[in-house]
Amino acid sequence: MGRLTGTVTKVDGAKSRVVSSGQTYLCDLRGRIFRRKNKRLAVGDLVGFTVINAPTDEKPVSDKPDLSAPVILPAVIEEIFPRRSALHRVRDFKRNQVICANVDQVFVVMAVLDPPYKRAFIDRLIVACERDGLETVVVFNKLDLAGPEYAEVVAEDAAVYHALGYQTHLVSAATGLGMSELAASFTGKISAVVGPSGAGKSTLLNELCPDQNLRTGEVSEADGRGRHTTTAAELIPLPAGGFVVDTPGLRGFGLWDLKPTEVAGGYRELAELSCKYRNCLHRAEPGCAALIAVESGEVDEERFESYRRLVEELLQDDQGRQTNRRR
Ligand SMILES: Nc1nc2c(ncn2[C@@H]2O[C@H](COP(=O)(O)OP(=O)(O)OP(=O)(O)O)[C@@H](O)[C@H]2O)c(=O)[nH]1
Ligand SMILES: [Mg+2]
Ligand SMILES: [Zn+2]
């Protein structure tokens, strides 16, 4: 068999799963690709591979190309094609992890309660998506847990993102509220689902593709956090076309690769302002366009607050790094 092309759905140590025309292949990486440390394979990657005839531990279970009972064939990845996009995460000052390659849109999933969302965290994830040029969809899950008054607060928060041009969804995986609209927005695209542990990412995806049966977990009673049930990113084929990647819960999301002056680029409402100061950080400059826009209510105060905190954080990191270098 000649060279085939497929999409990486799972990376598990040196072995990865690749789907091509409904078939699943268990692939090794050709040595020279494996050794190229700066180019790590990620889910969503488009690869060229060849099937080998060596026996595997996993026996083929059927000879029909059927996603629900995939044939597992051994193969070797020869080539990773250039990525058209990627959602990435900087783990520390050096390591750069690609969460999903060739992704079209990112769903930021937050629970309204259990654990409650933090607006600043939504903003941080949006900044990452804007940095990577990816469309963001904001999902508030577990609406069933909110009383009428709190549900209104959530709706107001959602409206802030909607007004900025982000698609927003208020849903409950438990009751099915808003689920058909949500399902429709996944169709035909490669989507990544990110958010804190326990927000219900896997539960939502199980509702969208019932035959997947992703593991879900209880939110810990001790600290109100999720338990990090999902441990490795995995690309799931959707019944109506497209793929979605479920990701492990995020505790935080470092944006160390951004310069303080680049943060405003992740806040649409600030990016479009023309401030009279060049490279303005919008901190306390007299006549600063951002400060005026906040004052007039044009820019949401809580968004601006999260912007400022992110800038301060990066300024401090910068200082820390410079001090370290001098030592
Ligand atoms: N009440 C309620 N509970 C939900 C809803 N969606 C998910 N849950 C519960 O929330 C808990 C966590 O759900 P998961 O789907 O495992 O959360 P996750 O975001 O995938 O978590 P990690 O994999 O750890 O990142 C489970 O006990 C789910 O049953 C919902 O709409 N309403
Ligand atoms: Mg999960
Ligand atoms: Zn300014």
# chains A, B, ... in the order shown; residues from 1 in each chain; ligands from 1

call {"tool": "residues_near_ligand", "arguments": {"ligand": "ligand 1", "cutoff": "10 Å", "atoms": "only C-alpha atoms and all ligand atoms", "output": "JSON, numbers by chain"}}
result
{"A": [109, 110, 111, 112, 113, 114, 115, 140, 141, 142, 143, 144, 145, 146, 170, 171, 172, 173, 174, 175, 176, 177, 179, 193, 194, 195, 196, 197, 198, 199, 200, 201, 202, 203, 204, 205, 206, 207, 214, 215, 216, 217, 218, 219, 220, 225, 226, 227, 228, 229, 230, 231, 232, 233, 246, 247, 248, 249, 250, 251]}

call {"tool": "closest_atom_pairs", "arguments": {"of": "chain A", "to": "ligand 3", "cutoff": "8 Å", "atoms": "only C-alpha atoms and all ligand atoms", "output": "JSON lines"}}
result
{"residue": "A:Cys275", "atom": "CA", "partner": "ligand 3", "partner_atom_place_in_ligand_line": "1 (Zn)", "distance": 4.9}
{"residue": "A:Lys276", "atom": "CA", "partner": "ligand 3", "partner_atom_place_in_ligand_line": "1 (Zn)", "distance": 6.8}
{"residue": "A:Tyr277", "atom": "CA", "partner": "ligand 3", "partner_atom_place_in_ligand_line": "1 (Zn)", "distance": 5.9}
{"residue": "A:Arg278", "atom": "CA", "partner": "ligand 3", "partner_atom_place_in_ligand_line": "1 (Zn)", "distance": 8.0}
{"residue": "A:Asn279", "atom": "CA", "partner": "ligand 3", "partner_atom_place_in_ligand_line": "1 (Zn)", "distance": 7.8}
{"residue": "A:Cys280", "atom": "CA", "partner": "ligand 3", "partner_atom_place_in_ligand_line": "1 (Zn)", "distance": 4.5}
{"residue": "A:Leu281", "atom": "CA", "partner": "ligand 3", "partner_atom_place_in_ligand_line": "1 (Zn)", "distance": 5.8}
{"residue": "A:His282", "atom": "CA", "partner": "ligand 3", "partner_atom_place_in_ligand_line": "1 (Zn)", "distance": 3.7}
{"residue": "A:Arg283", "atom": "CA", "partner": "ligand 3", "partner_atom_place_in_ligand_line": "1 (Zn)", "distance": 7.0}
{"residue": "A:Ala284", "atom": "CA", "partner": "ligand 3", "partner_atom_place_in_ligand_line": "1 (Zn)", "distance": 8.0}
{"residue": "A:Glu285", "atom": "CA", "partner": "ligand 3", "partner_atom_place_in_ligand_line": "1 (Zn)", "distance": 6.4}
{"residue": "A:Gly287", "atom": "CA", "partner": "ligand 3", "partner_atom_place_in_ligand_line": "1 (Zn)", "distance": 7.6}
{"residue": "A:Cys288", "atom": "CA", "partner": "ligand 3", "partner_atom_place_in_ligand_line": "1 (Zn)", "distance": 3.9}
{"residue": "A:Ala289", "atom": "CA", "partner": "ligand 3", "partner_atom_place_in_ligand_line": "1 (Zn)", "distance": 5.1}
{"residue": "A:Ala290", "atom": "CA", "partner": "ligand 3", "partner_atom_place_in_ligand_line": "1 (Zn)", "distance": 5.2}
{"residue": "A:Leu291", "atom": "CA", "partner": "ligand 3", "partner_atom_place_in_ligand_line": "1 (Zn)", "distance": 6.8}

call {"tool": "select_by_dssp", "arguments": {"residues": "range 110-327 of chain A", "states": "helix (DSSP H, G or I)", "output": "JSON, numbers by chain"}}
result
{"A": [119, 120, 121, 122, 123, 124, 125, 126, 127, 128, 129, 130, 131, 143, 144, 145, 148, 149, 150, 151, 152, 153, 154, 155, 156, 157, 158, 159, 160, 161, 162, 163, 179, 180, 181, 182, 183, 184, 201, 202, 203, 204, 205, 206, 207, 208, 260, 261, 262, 263, 264, 265, 266, 268, 269, 270, 271, 289, 290, 291, 292, 293, 294, 295, 301, 302, 303, 304, 305, 306, 307, 308, 309, 310, 311, 312, 313, 314, 315, 316, 317, 318, 319, 320, 321, 322, 323, 324, 325, 326]}

call {"tool": "atom_distance", "arguments": {"atom1": "CA of Glu313 in chain A", "atom2": "CA of Phe121 in chain A"}}
result
13.7 Å

call {"tool": "residues_around", "arguments": {"residues": "range 70-85 of chain A", "least_positions_apart": "5", "cutoff": "6 Å", "atoms": "only C-alpha atoms", "output": "list in words"}}
result
Gln23, Thr24, Tyr25, Leu26, Cys27, Asp28, Leu29, Arg30, Leu46, Val47, Gly48, Phe49, Thr50, Val51, Ile52, Pro60, Val61, Ser62, Ala101, Asn102 and Val103 of chain A

call {"tool": "select_by_dssp", "arguments": {"residues": "range 45-240 of chain A", "states": "strand (DSSP E or B)", "output": "ChimeraX atom specification"}}
result
/A:46-51,72-80,86-90,96-101,105-111,135-141,167-170,190-194,234-237

call {"tool": "residues_around", "arguments": {"residues": "range 253-259 of chain A", "least_positions_apart": "2", "cutoff": "7 Å", "atoms": "only C-alpha atoms", "output": "list in words"}}
result
Val90, Arg91, Phe93, Leu250, Arg251, Thr261, Glu262, Val263 and Leu314 of chain A

call {"tool": "write_last_selection", "arguments": {"atoms": "N, CA and C atoms", "output": "PDB file, in the first residue's frame"}}
result
ATOM      1  N   VAL A  90       1.619  27.794  26.374  1.00  0.00           N
ATOM      2  CA  VAL A  90       3.000  27.866  26.836  1.00  0.00           C
ATOM      3  C   VAL A  90       3.009  27.348  28.268  1.00  0.00           C
ATOM      4  N   ARG A  91       3.637  26.225  28.469  1.00  0.00           N
ATOM      5  CA  ARG A  91       3.590  25.592  29.787  1.00  0.00           C
ATOM      6  C   ARG A  91       4.467  26.312  30.799  1.00  0.00           C
ATOM      7  N   PHE A  93       8.326  29.031  30.669  1.00  0.00           N
ATOM      8  CA  PHE A  93       9.000  29.988  29.793  1.00  0.00           C
ATOM      9  C   PHE A  93       9.521  29.348  28.510  1.00  0.00           C
ATOM     10  N   LEU A 250      -8.290  22.827  32.578  1.00  0.00           N
ATOM     11  CA  LEU A 250      -7.188  23.767  32.750  1.00  0.00           C
ATOM     12  C   LEU A 250      -7.256  24.367  34.149  1.00  0.00           C
ATOM     13  N   ARG A 251      -6.143  24.408  34.831  1.00  0.00           N
ATOM     14  CA  ARG A 251      -6.097  25.085  36.135  1.00  0.00           C
ATOM     15  C   ARG A 251      -5.848  26.560  35.935  1.00  0.00           C
ATOM     16  N   THR A 261       2.506  44.799  25.752  1.00  0.00           N
ATOM     17  CA  THR A 261       1.868  45.656  24.735  1.00  0.00           C
ATOM     18  C   THR A 261       0.995  44.848  23.772  1.00  0.00           C
ATOM     19  N   GLU A 262       1.143  43.522  23.791  1.00  0.00           N
ATOM     20  CA  GLU A 262       0.344  42.695  22.875  1.00  0.00           C
ATOM     21  C   GLU A 262      -0.994  42.271  23.485  1.00  0.00           C
ATOM     22  N   VAL A 263      -1.149  42.469  24.788  1.00  0.00           N
ATOM     23  CA  VAL A 263      -2.354  41.988  25.458  1.00  0.00           C
ATOM     24  C   VAL A 263      -3.616  42.636  24.886  1.00  0.00           C
ATOM     25  N   LEU A 314       2.147  40.258  33.394  1.00  0.00           N
ATOM     26  CA  LEU A 314       3.217  40.095  32.402  1.00  0.00           C
ATOM     27  C   LEU A 314       4.364  41.075  32.659  1.00  0.00           C
TER      28      LEU A 314
END

call {"tool": "residues_around", "arguments": {"residues": "Val160 in chain A", "least_positions_apart": "5", "cutoff": "10 Å", "atoms": "only C-alpha atoms", "output": "VMD selection string"}}
result
chain A and resid 155 165 to 166 168 299 to 300 302 to 303

call {"tool": "write_last_selection", "arguments": {"atoms": "C-alpha atoms", "output": "compact mmCIF listing (two decimals), in the first residue's frame"}}
result
# COMPACT_ATOMS: atom_id res chain seq x y z
CA ALA A 155 -27.11 36.05 30.87
CA GLY A 165 -19.04 39.36 18.40
CA TYR A 166 -18.40 36.02 20.10
CA THR A 168 -22.35 32.46 23.16
CA VAL A 299 -15.78 49.21 27.29
CA ASP A 300 -17.01 46.77 29.92
CA GLU A 302 -14.80 43.87 34.23
CA ARG A 303 -13.15 43.16 30.90
